[in-house]
$ cat protein-v6.txt   # compact mmCIF, N, CA and C atoms
# COMPACT_ATOMS: atom_id res chain seq x y z
N MET A 1 -26.16 -9.63 -19.44
CA MET A 1 -25.50 -10.15 -20.61
C MET A 1 -24.60 -9.06 -21.17
N SER A 2 -23.36 -9.35 -21.45
CA SER A 2 -22.46 -8.36 -22.02
C SER A 2 -22.69 -8.31 -23.52
N ASP A 3 -22.19 -7.24 -24.16
CA ASP A 3 -22.34 -7.11 -25.61
C ASP A 3 -21.66 -8.24 -26.36
N ASP A 4 -20.55 -8.77 -25.80
CA ASP A 4 -19.84 -9.86 -26.46
C ASP A 4 -20.68 -11.13 -26.49
N ALA A 5 -21.50 -11.35 -25.47
CA ALA A 5 -22.31 -12.56 -25.40
C ALA A 5 -23.64 -12.40 -26.14
N THR A 6 -23.99 -11.16 -26.50
CA THR A 6 -25.25 -10.91 -27.19
C THR A 6 -25.09 -11.20 -28.67
N PRO A 7 -25.99 -11.98 -29.27
CA PRO A 7 -25.89 -12.24 -30.70
C PRO A 7 -25.95 -10.94 -31.50
N ALA A 8 -25.25 -10.92 -32.64
CA ALA A 8 -25.17 -9.71 -33.47
C ALA A 8 -26.54 -9.25 -33.92
N LYS A 9 -27.44 -10.18 -34.23
CA LYS A 9 -28.77 -9.81 -34.69
C LYS A 9 -29.54 -9.04 -33.61
N VAL A 10 -29.44 -9.50 -32.35
CA VAL A 10 -30.12 -8.82 -31.25
C VAL A 10 -29.50 -7.45 -31.03
N ARG A 11 -28.15 -7.37 -31.07
CA ARG A 11 -27.48 -6.08 -30.89
C ARG A 11 -27.89 -5.10 -31.97
N LEU A 12 -28.02 -5.57 -33.22
CA LEU A 12 -28.38 -4.71 -34.33
C LEU A 12 -29.79 -4.16 -34.14
N THR A 13 -30.71 -4.99 -33.71
CA THR A 13 -32.07 -4.49 -33.50
C THR A 13 -32.10 -3.49 -32.35
N ASP A 14 -31.25 -3.69 -31.34
CA ASP A 14 -31.18 -2.73 -30.26
C ASP A 14 -30.72 -1.37 -30.76
N GLU A 15 -29.70 -1.36 -31.61
CA GLU A 15 -29.16 -0.11 -32.13
C GLU A 15 -30.16 0.61 -33.02
N LEU A 16 -31.04 -0.13 -33.66
CA LEU A 16 -32.06 0.48 -34.52
C LEU A 16 -33.29 0.93 -33.74
N GLY A 17 -33.31 0.62 -32.45
CA GLY A 17 -34.41 1.06 -31.62
C GLY A 17 -35.57 0.09 -31.53
N HIS A 18 -35.41 -1.11 -32.08
CA HIS A 18 -36.47 -2.11 -31.97
C HIS A 18 -36.38 -2.80 -30.62
N THR A 19 -37.51 -3.28 -30.16
CA THR A 19 -37.54 -4.02 -28.91
C THR A 19 -37.02 -5.42 -29.15
N PRO A 20 -35.93 -5.81 -28.49
CA PRO A 20 -35.41 -7.16 -28.69
C PRO A 20 -36.30 -8.19 -28.00
N ARG A 21 -36.37 -9.35 -28.54
CA ARG A 21 -37.11 -10.47 -27.96
C ARG A 21 -36.10 -11.52 -27.54
N CYS A 22 -36.30 -12.05 -26.33
CA CYS A 22 -35.43 -13.11 -25.85
C CYS A 22 -35.74 -14.38 -26.66
N PRO A 23 -34.74 -15.02 -27.25
CA PRO A 23 -34.99 -16.23 -28.03
C PRO A 23 -35.42 -17.42 -27.16
N GLU A 24 -35.11 -17.38 -25.88
CA GLU A 24 -35.46 -18.49 -24.99
C GLU A 24 -36.91 -18.41 -24.50
N CYS A 25 -37.37 -17.19 -24.15
CA CYS A 25 -38.69 -17.07 -23.51
C CYS A 25 -39.64 -16.11 -24.21
N ASN A 26 -39.17 -15.45 -25.28
CA ASN A 26 -39.98 -14.45 -25.99
C ASN A 26 -40.45 -13.36 -25.03
N ASP A 27 -39.58 -12.99 -24.10
CA ASP A 27 -39.80 -11.94 -23.11
C ASP A 27 -40.92 -12.24 -22.11
N THR A 28 -41.23 -13.50 -21.87
CA THR A 28 -42.22 -13.85 -20.84
C THR A 28 -41.57 -14.00 -19.49
N GLY A 29 -40.25 -14.25 -19.46
CA GLY A 29 -39.54 -14.45 -18.21
C GLY A 29 -39.48 -15.91 -17.79
N GLU A 30 -40.20 -16.78 -18.53
CA GLU A 30 -40.17 -18.21 -18.22
C GLU A 30 -39.83 -18.99 -19.49
N ARG A 31 -38.92 -19.95 -19.36
CA ARG A 31 -38.56 -20.78 -20.51
C ARG A 31 -38.95 -22.22 -20.22
N ASP A 32 -39.22 -22.95 -21.28
CA ASP A 32 -39.62 -24.35 -21.15
C ASP A 32 -38.41 -25.17 -20.74
N SER A 33 -38.56 -26.00 -19.71
CA SER A 33 -37.45 -26.82 -19.24
C SER A 33 -37.29 -28.09 -20.06
N GLY A 34 -38.30 -28.41 -20.83
CA GLY A 34 -38.28 -29.66 -21.58
C GLY A 34 -38.98 -30.78 -20.84
N GLY A 35 -39.28 -30.57 -19.58
CA GLY A 35 -39.96 -31.57 -18.77
C GLY A 35 -41.44 -31.26 -18.65
N ALA A 36 -42.16 -32.16 -18.02
CA ALA A 36 -43.59 -31.97 -17.83
C ALA A 36 -44.01 -32.50 -16.47
N HIS A 37 -45.04 -31.89 -15.92
CA HIS A 37 -45.64 -32.37 -14.68
C HIS A 37 -46.38 -33.67 -14.96
N PRO A 38 -46.67 -34.47 -13.92
CA PRO A 38 -47.40 -35.73 -14.14
C PRO A 38 -48.75 -35.52 -14.84
N TRP A 39 -49.35 -34.34 -14.71
CA TRP A 39 -50.64 -34.07 -15.34
C TRP A 39 -50.48 -33.51 -16.75
N GLY A 40 -49.23 -33.44 -17.24
CA GLY A 40 -48.98 -33.07 -18.64
C GLY A 40 -48.63 -31.62 -18.89
N GLU A 41 -48.75 -30.78 -17.88
CA GLU A 41 -48.42 -29.37 -18.06
C GLU A 41 -46.91 -29.20 -18.13
N PRO A 42 -46.41 -28.37 -19.06
CA PRO A 42 -44.96 -28.18 -19.15
C PRO A 42 -44.40 -27.51 -17.89
N ILE A 43 -43.16 -27.84 -17.58
CA ILE A 43 -42.47 -27.23 -16.45
C ILE A 43 -41.67 -26.05 -16.97
N TYR A 44 -41.92 -24.88 -16.41
CA TYR A 44 -41.21 -23.68 -16.84
C TYR A 44 -40.18 -23.28 -15.78
N LEU A 45 -39.07 -22.76 -16.25
CA LEU A 45 -38.00 -22.25 -15.39
C LEU A 45 -37.85 -20.76 -15.64
N ALA A 46 -37.28 -20.07 -14.67
CA ALA A 46 -37.00 -18.64 -14.86
C ALA A 46 -35.95 -18.48 -15.96
N CYS A 47 -36.20 -17.55 -16.85
CA CYS A 47 -35.25 -17.31 -17.94
C CYS A 47 -34.15 -16.37 -17.46
N GLU A 48 -32.97 -16.58 -17.94
CA GLU A 48 -31.83 -15.76 -17.53
C GLU A 48 -31.94 -14.32 -18.00
N CYS A 49 -32.72 -14.07 -19.04
CA CYS A 49 -32.83 -12.69 -19.55
C CYS A 49 -33.42 -11.77 -18.48
N LYS A 50 -34.40 -12.25 -17.74
CA LYS A 50 -35.01 -11.44 -16.68
C LYS A 50 -34.08 -11.35 -15.47
N ASP A 51 -33.36 -12.45 -15.19
CA ASP A 51 -32.40 -12.42 -14.08
C ASP A 51 -31.33 -11.38 -14.34
N VAL A 52 -30.90 -11.26 -15.57
CA VAL A 52 -29.87 -10.28 -15.92
C VAL A 52 -30.42 -8.87 -15.72
N GLU A 53 -31.66 -8.62 -16.15
CA GLU A 53 -32.27 -7.30 -16.00
C GLU A 53 -32.46 -6.95 -14.52
N ILE A 54 -32.94 -7.88 -13.74
CA ILE A 54 -33.13 -7.63 -12.31
C ILE A 54 -31.78 -7.38 -11.64
N GLY A 55 -30.78 -8.15 -12.01
CA GLY A 55 -29.44 -7.95 -11.46
C GLY A 55 -28.88 -6.58 -11.79
N ARG A 56 -29.09 -6.14 -13.02
CA ARG A 56 -28.61 -4.82 -13.44
C ARG A 56 -29.31 -3.74 -12.61
N ARG A 57 -30.62 -3.84 -12.46
CA ARG A 57 -31.36 -2.85 -11.68
C ARG A 57 -30.90 -2.86 -10.22
N TRP A 58 -30.63 -4.05 -9.68
CA TRP A 58 -30.16 -4.15 -8.29
C TRP A 58 -28.80 -3.48 -8.13
N ARG A 59 -27.91 -3.70 -9.09
CA ARG A 59 -26.58 -3.08 -9.00
C ARG A 59 -26.67 -1.57 -9.13
N GLU A 60 -27.62 -1.07 -9.92
CA GLU A 60 -27.77 0.38 -10.07
C GLU A 60 -28.31 1.03 -8.80
N ASP A 61 -29.27 0.37 -8.16
CA ASP A 61 -29.86 0.95 -6.95
C ASP A 61 -30.43 -0.18 -6.09
N SER A 62 -29.68 -0.57 -5.07
CA SER A 62 -30.13 -1.66 -4.19
C SER A 62 -30.68 -1.12 -2.87
N SER A 63 -31.16 0.11 -2.91
CA SER A 63 -31.66 0.72 -1.67
C SER A 63 -32.98 0.09 -1.23
N LEU A 64 -33.22 0.17 0.05
CA LEU A 64 -34.46 -0.34 0.61
C LEU A 64 -35.67 0.37 0.00
N ALA A 65 -35.55 1.67 -0.22
CA ALA A 65 -36.66 2.45 -0.76
C ALA A 65 -37.02 2.01 -2.18
N ALA A 66 -36.03 1.62 -2.97
CA ALA A 66 -36.30 1.22 -4.35
C ALA A 66 -36.96 -0.15 -4.45
N TRP A 67 -36.55 -1.08 -3.61
CA TRP A 67 -37.03 -2.45 -3.73
C TRP A 67 -38.16 -2.79 -2.77
N PHE A 68 -38.21 -2.10 -1.64
CA PHE A 68 -39.25 -2.36 -0.64
C PHE A 68 -39.77 -1.03 -0.12
N PRO A 69 -40.51 -0.29 -0.96
CA PRO A 69 -40.90 1.07 -0.58
C PRO A 69 -41.78 1.14 0.66
N ILE A 70 -42.64 0.16 0.87
CA ILE A 70 -43.51 0.19 2.05
C ILE A 70 -42.67 0.01 3.31
N THR A 71 -41.71 -0.92 3.27
CA THR A 71 -40.82 -1.14 4.40
C THR A 71 -39.98 0.10 4.67
N ALA A 72 -39.48 0.73 3.62
CA ALA A 72 -38.65 1.93 3.78
C ALA A 72 -39.46 3.06 4.42
N ARG A 73 -40.71 3.22 3.97
CA ARG A 73 -41.56 4.27 4.54
C ARG A 73 -41.82 3.99 6.01
N ARG A 74 -42.11 2.73 6.34
CA ARG A 74 -42.38 2.36 7.74
C ARG A 74 -41.12 2.57 8.60
N MET A 75 -39.97 2.25 8.06
CA MET A 75 -38.72 2.47 8.81
C MET A 75 -38.52 3.96 9.09
N ARG A 76 -38.82 4.80 8.09
CA ARG A 76 -38.71 6.25 8.29
C ARG A 76 -39.66 6.72 9.39
N GLU A 77 -40.91 6.22 9.34
CA GLU A 77 -41.89 6.60 10.36
C GLU A 77 -41.44 6.16 11.75
N LEU A 78 -40.93 4.94 11.87
CA LEU A 78 -40.46 4.45 13.17
C LEU A 78 -39.26 5.24 13.66
N GLN A 79 -38.36 5.62 12.75
CA GLN A 79 -37.20 6.42 13.14
C GLN A 79 -37.64 7.79 13.66
N GLU A 80 -38.62 8.39 12.97
CA GLU A 80 -39.13 9.69 13.41
C GLU A 80 -39.80 9.58 14.78
N GLU A 81 -40.57 8.50 14.99
CA GLU A 81 -41.20 8.29 16.29
C GLU A 81 -40.15 8.08 17.38
N ASN A 82 -39.13 7.32 17.06
CA ASN A 82 -38.04 7.08 18.01
C ASN A 82 -37.34 8.39 18.36
N ASP A 83 -37.11 9.24 17.37
CA ASP A 83 -36.48 10.54 17.63
C ASP A 83 -37.34 11.39 18.56
N ARG A 84 -38.67 11.39 18.33
CA ARG A 84 -39.56 12.16 19.21
C ARG A 84 -39.53 11.61 20.63
N LEU A 85 -39.55 10.29 20.77
CA LEU A 85 -39.52 9.68 22.10
C LEU A 85 -38.20 9.98 22.82
N CYS A 86 -37.11 9.93 22.10
CA CYS A 86 -35.80 10.25 22.71
C CYS A 86 -35.78 11.70 23.19
N ALA A 87 -36.36 12.59 22.39
CA ALA A 87 -36.42 14.00 22.80
C ALA A 87 -37.29 14.16 24.05
N ALA A 88 -38.39 13.42 24.12
CA ALA A 88 -39.27 13.48 25.29
C ALA A 88 -38.57 12.96 26.54
N VAL A 89 -37.82 11.87 26.39
CA VAL A 89 -37.08 11.32 27.54
C VAL A 89 -36.04 12.32 28.02
N THR A 90 -35.35 12.96 27.09
CA THR A 90 -34.35 13.97 27.46
C THR A 90 -35.03 15.11 28.23
N LEU A 91 -36.17 15.55 27.77
CA LEU A 91 -36.90 16.62 28.46
C LEU A 91 -37.34 16.18 29.85
N LEU A 92 -37.83 14.95 29.98
CA LEU A 92 -38.24 14.44 31.29
C LEU A 92 -37.05 14.40 32.25
N ARG A 93 -35.90 13.99 31.79
CA ARG A 93 -34.71 13.94 32.66
C ARG A 93 -34.29 15.34 33.10
N GLU A 94 -34.40 16.30 32.18
CA GLU A 94 -34.09 17.68 32.55
C GLU A 94 -35.08 18.19 33.60
N CYS A 95 -36.35 17.85 33.42
CA CYS A 95 -37.37 18.26 34.41
C CYS A 95 -37.08 17.63 35.77
N GLU A 96 -36.68 16.36 35.76
CA GLU A 96 -36.38 15.67 37.01
C GLU A 96 -35.21 16.35 37.73
N ARG A 97 -34.17 16.72 36.98
CA ARG A 97 -33.03 17.40 37.59
C ARG A 97 -33.44 18.77 38.15
N THR A 98 -34.30 19.47 37.43
CA THR A 98 -34.78 20.77 37.90
C THR A 98 -35.59 20.62 39.18
N LEU A 99 -36.43 19.59 39.24
CA LEU A 99 -37.27 19.37 40.42
C LEU A 99 -36.46 18.93 41.64
N GLU A 100 -35.25 18.42 41.44
CA GLU A 100 -34.41 18.03 42.57
C GLU A 100 -34.08 19.24 43.45
N MET A 101 -34.07 20.43 42.82
CA MET A 101 -33.80 21.65 43.59
C MET A 101 -34.95 21.95 44.55
N TRP A 102 -36.13 21.45 44.25
CA TRP A 102 -37.32 21.68 45.07
C TRP A 102 -37.71 20.41 45.81
N ALA A 103 -36.74 19.70 46.29
CA ALA A 103 -36.97 18.38 46.89
C ALA A 103 -37.88 18.42 48.11
N ASP A 104 -37.91 19.52 48.83
CA ASP A 104 -38.72 19.55 50.06
C ASP A 104 -40.14 20.07 49.83
N VAL A 105 -40.49 20.45 48.60
CA VAL A 105 -41.83 20.95 48.29
C VAL A 105 -42.69 19.76 47.85
N ALA A 106 -43.86 19.59 48.45
CA ALA A 106 -44.70 18.41 48.21
C ALA A 106 -45.07 18.21 46.73
N PRO A 107 -45.53 19.25 46.01
CA PRO A 107 -45.87 19.02 44.60
C PRO A 107 -44.66 18.56 43.77
N ALA A 108 -43.48 19.07 44.11
CA ALA A 108 -42.28 18.67 43.38
C ALA A 108 -41.97 17.20 43.62
N VAL A 109 -42.17 16.73 44.84
CA VAL A 109 -41.92 15.32 45.16
C VAL A 109 -42.87 14.44 44.34
N SER A 110 -44.12 14.85 44.25
CA SER A 110 -45.11 14.10 43.49
C SER A 110 -44.75 14.08 42.00
N LEU A 111 -44.36 15.24 41.47
CA LEU A 111 -43.96 15.31 40.06
C LEU A 111 -42.73 14.45 39.78
N ARG A 112 -41.76 14.49 40.68
CA ARG A 112 -40.56 13.67 40.50
C ARG A 112 -40.92 12.19 40.47
N ALA A 113 -41.86 11.78 41.32
CA ALA A 113 -42.28 10.38 41.33
C ALA A 113 -42.95 10.01 40.01
N ASP A 114 -43.78 10.91 39.49
CA ASP A 114 -44.43 10.66 38.20
C ASP A 114 -43.41 10.57 37.07
N ILE A 115 -42.44 11.45 37.08
CA ILE A 115 -41.40 11.44 36.05
C ILE A 115 -40.58 10.15 36.12
N ARG A 116 -40.22 9.74 37.35
CA ARG A 116 -39.46 8.47 37.49
C ARG A 116 -40.26 7.29 36.96
N LYS A 117 -41.58 7.31 37.22
CA LYS A 117 -42.42 6.22 36.72
C LYS A 117 -42.41 6.20 35.18
N LEU A 118 -42.54 7.37 34.56
CA LEU A 118 -42.49 7.45 33.10
C LEU A 118 -41.15 6.98 32.55
N LEU A 119 -40.07 7.40 33.20
CA LEU A 119 -38.74 7.02 32.72
C LEU A 119 -38.51 5.52 32.86
N THR A 120 -39.03 4.88 33.89
CA THR A 120 -38.87 3.44 34.02
C THR A 120 -39.68 2.68 32.96
N GLN A 121 -40.82 3.25 32.55
CA GLN A 121 -41.59 2.63 31.48
C GLN A 121 -40.88 2.71 30.14
N VAL A 122 -40.15 3.78 29.91
CA VAL A 122 -39.44 3.96 28.65
C VAL A 122 -38.17 3.12 28.60
N ALA A 123 -37.50 3.00 29.72
CA ALA A 123 -36.20 2.29 29.74
C ALA A 123 -36.31 0.81 29.57

$ encode --input "protein-v6.txt" --output "structure tokens"
Amino acid sequence: MSDDATPAKVRLTDELGHTPRCPECNDTGERDSGGAHPWGEPIYLACECKDVEIGRRWREDSSLAAWFPITARRMRELQEENDRLCAAVTLLRECERTLEMWADVAPAVSLRADIRKLLTQVA
């Protein structure tokens, strides 16, 4: 809500440091729609005052870490694991190239076969 759309009384209480109350929902976040369920309970709708606050917070910081911290942490962990695996694959390829120089030595042939098997599992 912009200052122009805010009633003067609410703006005045804000400037004095009082906590403003939404006239529609009394800061509950739900306003009465005027309708009722078949069992008589009133139907509540989301109040725009909370939508405005959530929108403002989203515009200030819409990062994954701010809104979904568990997902952001898991993404960081997966990225770190991926980086370690990429480094391991690079090392295995270097070892394979080094072992090519020893192609006629039996242990080197066995190691190269093991490395190729690992690399095919990763790829």

$ residues_around --input "protein-v6.txt" --residues "Leu118 in chain A" --least-positions-apart "4" --cutoff "9 Å" --atoms "only C-alpha atoms" --output "list in words"
Val89, Leu92, Ala113, Asp114, Val122 and Ala123 of chain A

$ select_by_dssp --input "protein-v6.txt" --residues "chain A" --states "strand (DSSP E or B)" --output "MDAnalysis selection string"
chainID A and resid 30:36 42:46

$ select_by_dssp --input "protein-v6.txt" --residues "chain A" --states "alpha helix (DSSP H)" --output "short mmCIF file (atom, residue, chain, number, x, y, z; two decimals) with N, CA and C atoms, in the frame of the given file"
data_model
loop_
_atom_site.label_atom_id
_atom_site.label_comp_id
_atom_site.auth_asym_id
_atom_site.auth_seq_id
_atom_site.Cartn_x
_atom_site.Cartn_y
_atom_site.Cartn_z
N ALA A 8 -25.25 -10.92 -32.64
CA ALA A 8 -25.17 -9.71 -33.47
C ALA A 8 -26.54 -9.25 -33.92
N LYS A 9 -27.44 -10.18 -34.23
CA LYS A 9 -28.77 -9.81 -34.69
C LYS A 9 -29.54 -9.04 -33.61
N VAL A 10 -29.44 -9.50 -32.35
CA VAL A 10 -30.12 -8.82 -31.25
C VAL A 10 -29.50 -7.45 -31.03
N ARG A 11 -28.15 -7.37 -31.07
CA ARG A 11 -27.48 -6.08 -30.89
C ARG A 11 -27.89 -5.10 -31.97
N LEU A 12 -28.02 -5.57 -33.22
CA LEU A 12 -28.38 -4.71 -34.33
C LEU A 12 -29.79 -4.16 -34.14
N THR A 13 -30.71 -4.99 -33.71
CA THR A 13 -32.07 -4.49 -33.50
C THR A 13 -32.10 -3.49 -32.35
N ASP A 14 -31.25 -3.69 -31.34
CA ASP A 14 -31.18 -2.73 -30.26
C ASP A 14 -30.72 -1.37 -30.76
N GLU A 15 -29.70 -1.36 -31.61
CA GLU A 15 -29.16 -0.11 -32.13
C GLU A 15 -30.16 0.61 -33.02
N GLU A 48 -32.97 -16.58 -17.94
CA GLU A 48 -31.83 -15.76 -17.53
C GLU A 48 -31.94 -14.32 -18.00
N CYS A 49 -32.72 -14.07 -19.04
CA CYS A 49 -32.83 -12.69 -19.55
C CYS A 49 -33.42 -11.77 -18.48
N LYS A 50 -34.40 -12.25 -17.74
CA LYS A 50 -35.01 -11.44 -16.68
C LYS A 50 -34.08 -11.35 -15.47
N ASP A 51 -33.36 -12.45 -15.19
CA ASP A 51 -32.40 -12.42 -14.08
C ASP A 51 -31.33 -11.38 -14.34
N VAL A 52 -30.90 -11.26 -15.57
CA VAL A 52 -29.87 -10.28 -15.92
C VAL A 52 -30.42 -8.87 -15.72
N GLU A 53 -31.66 -8.62 -16.15
CA GLU A 53 -32.27 -7.30 -16.00
C GLU A 53 -32.46 -6.95 -14.52
N ILE A 54 -32.94 -7.88 -13.74
CA ILE A 54 -33.13 -7.63 -12.31
C ILE A 54 -31.78 -7.38 -11.64
N GLY A 55 -30.78 -8.15 -12.01
CA GLY A 55 -29.44 -7.95 -11.46
C GLY A 55 -28.88 -6.58 -11.79
N ARG A 56 -29.09 -6.14 -13.02
CA ARG A 56 -28.61 -4.82 -13.44
C ARG A 56 -29.31 -3.74 -12.61
N ARG A 57 -30.62 -3.84 -12.46
CA ARG A 57 -31.36 -2.85 -11.68
C ARG A 57 -30.90 -2.86 -10.22
N TRP A 58 -30.63 -4.05 -9.68
CA TRP A 58 -30.16 -4.15 -8.29
C TRP A 58 -28.80 -3.48 -8.13
N ARG A 59 -27.91 -3.70 -9.09
CA ARG A 59 -26.58 -3.08 -9.00
C ARG A 59 -26.67 -1.57 -9.13
N GLU A 60 -27.62 -1.07 -9.92
CA GLU A 60 -27.77 0.38 -10.07
C GLU A 60 -28.31 1.03 -8.80
N LEU A 64 -33.22 0.17 0.05
CA LEU A 64 -34.46 -0.34 0.61
C LEU A 64 -35.67 0.37 0.00
N ALA A 65 -35.55 1.67 -0.22
CA ALA A 65 -36.66 2.45 -0.76
C ALA A 65 -37.02 2.01 -2.18
N ALA A 66 -36.03 1.62 -2.97
CA ALA A 66 -36.30 1.22 -4.35
C ALA A 66 -36.96 -0.15 -4.45
N TRP A 67 -36.55 -1.08 -3.61
CA TRP A 67 -37.03 -2.45 -3.73
C TRP A 67 -38.16 -2.79 -2.77
N PRO A 69 -40.51 -0.29 -0.96
CA PRO A 69 -40.90 1.07 -0.58
C PRO A 69 -41.78 1.14 0.66
N ILE A 70 -42.64 0.16 0.87
CA ILE A 70 -43.51 0.19 2.05
C ILE A 70 -42.67 0.01 3.31
N THR A 71 -41.71 -0.92 3.27
CA THR A 71 -40.82 -1.14 4.40
C THR A 71 -39.98 0.10 4.67
N ALA A 72 -39.48 0.73 3.62
CA ALA A 72 -38.65 1.93 3.78
C ALA A 72 -39.46 3.06 4.42
N ARG A 73 -40.71 3.22 3.97
CA ARG A 73 -41.56 4.27 4.54
C ARG A 73 -41.82 3.99 6.01
N ARG A 74 -42.11 2.73 6.34
CA ARG A 74 -42.38 2.36 7.74
C ARG A 74 -41.12 2.57 8.60
N MET A 75 -39.97 2.25 8.06
CA MET A 75 -38.72 2.47 8.81
C MET A 75 -38.52 3.96 9.09
N ARG A 76 -38.82 4.80 8.09
CA ARG A 76 -38.71 6.25 8.29
C ARG A 76 -39.66 6.72 9.39
N GLU A 77 -40.91 6.22 9.34
CA GLU A 77 -41.89 6.60 10.36
C GLU A 77 -41.44 6.16 11.75
N LEU A 78 -40.93 4.94 11.87
CA LEU A 78 -40.46 4.45 13.17
C LEU A 78 -39.26 5.24 13.66
N GLN A 79 -38.36 5.62 12.75
CA GLN A 79 -37.20 6.42 13.14
C GLN A 79 -37.64 7.79 13.66
N GLU A 80 -38.62 8.39 12.97
CA GLU A 80 -39.13 9.69 13.41
C GLU A 80 -39.80 9.58 14.78
N GLU A 81 -40.57 8.50 14.99
CA GLU A 81 -41.20 8.29 16.29
C GLU A 81 -40.15 8.08 17.38
N ASN A 82 -39.13 7.32 17.06
CA ASN A 82 -38.04 7.08 18.01
C ASN A 82 -37.34 8.39 18.36
N ASP A 83 -37.11 9.24 17.37
CA ASP A 83 -36.48 10.54 17.63
C ASP A 83 -37.34 11.39 18.56
N ARG A 84 -38.67 11.39 18.33
CA ARG A 84 -39.56 12.16 19.21
C ARG A 84 -39.53 11.61 20.63
N LEU A 85 -39.55 10.29 20.77
CA LEU A 85 -39.52 9.68 22.10
C LEU A 85 -38.20 9.98 22.82
N CYS A 86 -37.11 9.93 22.10
CA CYS A 86 -35.80 10.25 22.71
C CYS A 86 -35.78 11.70 23.19
N ALA A 87 -36.36 12.59 22.39
CA ALA A 87 -36.42 14.00 22.80
C ALA A 87 -37.29 14.16 24.05
N ALA A 88 -38.39 13.42 24.12
CA ALA A 88 -39.27 13.48 25.29
C ALA A 88 -38.57 12.96 26.54
N VAL A 89 -37.82 11.87 26.39
CA VAL A 89 -37.08 11.32 27.54
C VAL A 89 -36.04 12.32 28.02
N THR A 90 -35.35 12.96 27.09
CA THR A 90 -34.35 13.97 27.46
C THR A 90 -35.03 15.11 28.23
N LEU A 91 -36.17 15.55 27.77
CA LEU A 91 -36.90 16.62 28.46
C LEU A 91 -37.34 16.18 29.85
N LEU A 92 -37.83 14.95 29.98
CA LEU A 92 -38.24 14.44 31.29
C LEU A 92 -37.05 14.40 32.25
N ARG A 93 -35.90 13.99 31.79
CA ARG A 93 -34.71 13.94 32.66
C ARG A 93 -34.29 15.34 33.10
N GLU A 94 -34.40 16.30 32.18
CA GLU A 94 -34.09 17.68 32.55
C GLU A 94 -35.08 18.19 33.60
N CYS A 95 -36.35 17.85 33.42
CA CYS A 95 -37.37 18.26 34.41
C CYS A 95 -37.08 17.63 35.77
N GLU A 96 -36.68 16.36 35.76
CA GLU A 96 -36.38 15.67 37.01
C GLU A 96 -35.21 16.35 37.73
N ARG A 97 -34.17 16.72 36.98
CA ARG A 97 -33.03 17.40 37.59
C ARG A 97 -33.44 18.77 38.15
N THR A 98 -34.30 19.47 37.43
CA THR A 98 -34.78 20.77 37.90
C THR A 98 -35.59 20.62 39.18
N LEU A 99 -36.43 19.59 39.24
CA LEU A 99 -37.27 19.37 40.42
C LEU A 99 -36.46 18.93 41.64
N GLU A 100 -35.25 18.42 41.44
CA GLU A 100 -34.41 18.03 42.57
C GLU A 100 -34.08 19.24 43.45
N ALA A 106 -43.86 19.59 48.45
CA ALA A 106 -44.70 18.41 48.21
C ALA A 106 -45.07 18.21 46.73
N PRO A 107 -45.53 19.25 46.01
CA PRO A 107 -45.87 19.02 44.60
C PRO A 107 -44.66 18.56 43.77
N ALA A 108 -43.48 19.07 44.11
CA ALA A 108 -42.28 18.67 43.38
C ALA A 108 -41.97 17.20 43.62
N VAL A 109 -42.17 16.73 44.84
CA VAL A 109 -41.92 15.32 45.16
C VAL A 109 -42.87 14.44 44.34
N SER A 110 -44.12 14.85 44.25
CA SER A 110 -45.11 14.10 43.49
C SER A 110 -44.75 14.08 42.00
N LEU A 111 -44.36 15.24 41.47
CA LEU A 111 -43.96 15.31 40.06
C LEU A 111 -42.73 14.45 39.78
N ARG A 112 -41.76 14.49 40.68
CA ARG A 112 -40.56 13.67 40.50
C ARG A 112 -40.92 12.19 40.47
N ALA A 113 -41.86 11.78 41.32
CA ALA A 113 -42.28 10.38 41.33
C ALA A 113 -42.95 10.01 40.01
N ASP A 114 -43.78 10.91 39.49
CA ASP A 114 -44.43 10.66 38.20
C ASP A 114 -43.41 10.57 37.07
N ILE A 115 -42.44 11.45 37.08
CA ILE A 115 -41.40 11.44 36.05
C ILE A 115 -40.58 10.15 36.12
N ARG A 116 -40.22 9.74 37.35
CA ARG A 116 -39.46 8.47 37.49
C ARG A 116 -40.26 7.29 36.96
N LYS A 117 -41.58 7.31 37.22
CA LYS A 117 -42.42 6.22 36.72
C LYS A 117 -42.41 6.20 35.18
N LEU A 118 -42.54 7.37 34.56
CA LEU A 118 -42.49 7.45 33.10
C LEU A 118 -41.15 6.98 32.55
N LEU A 119 -40.07 7.40 33.20
CA LEU A 119 -38.74 7.02 32.72
C LEU A 119 -38.51 5.52 32.86
N THR A 120 -39.03 4.88 33.89
CA THR A 120 -38.87 3.44 34.02
C THR A 120 -39.68 2.68 32.96
N GLN A 121 -40.82 3.25 32.55
CA GLN A 121 -41.59 2.63 31.48
C GLN A 121 -40.88 2.71 30.14
N VAL A 122 -40.15 3.78 29.91
CA VAL A 122 -39.44 3.96 28.65
C VAL A 122 -38.17 3.12 28.60
#

$ closest_residue --input "protein-v6.txt" --among "A:Arg84, A:Lys117, A:Arg76, A:Arg31" --to "Cys47 in chain A" --atoms "all atoms listed in the file"
A:Arg31

$ atom_distance --input "protein-v6.txt" --atom1 "atom N of Met75 in chain A" --atom2 "atom C of Asp61 in chain A"
17.2 Å

$ atom_distance --input "protein-v6.txt" --atom1 "CA of Ser33 in chain A" --atom2 "CA of Ala46 in chain A"
9.3 Å

$ closest_residue --input "protein-v6.txt" --among "A:Leu45, A:Val105, A:Trp67, A:Leu119" --to "Leu91 in chain A" --atoms "only C-alpha atoms"
A:Leu119
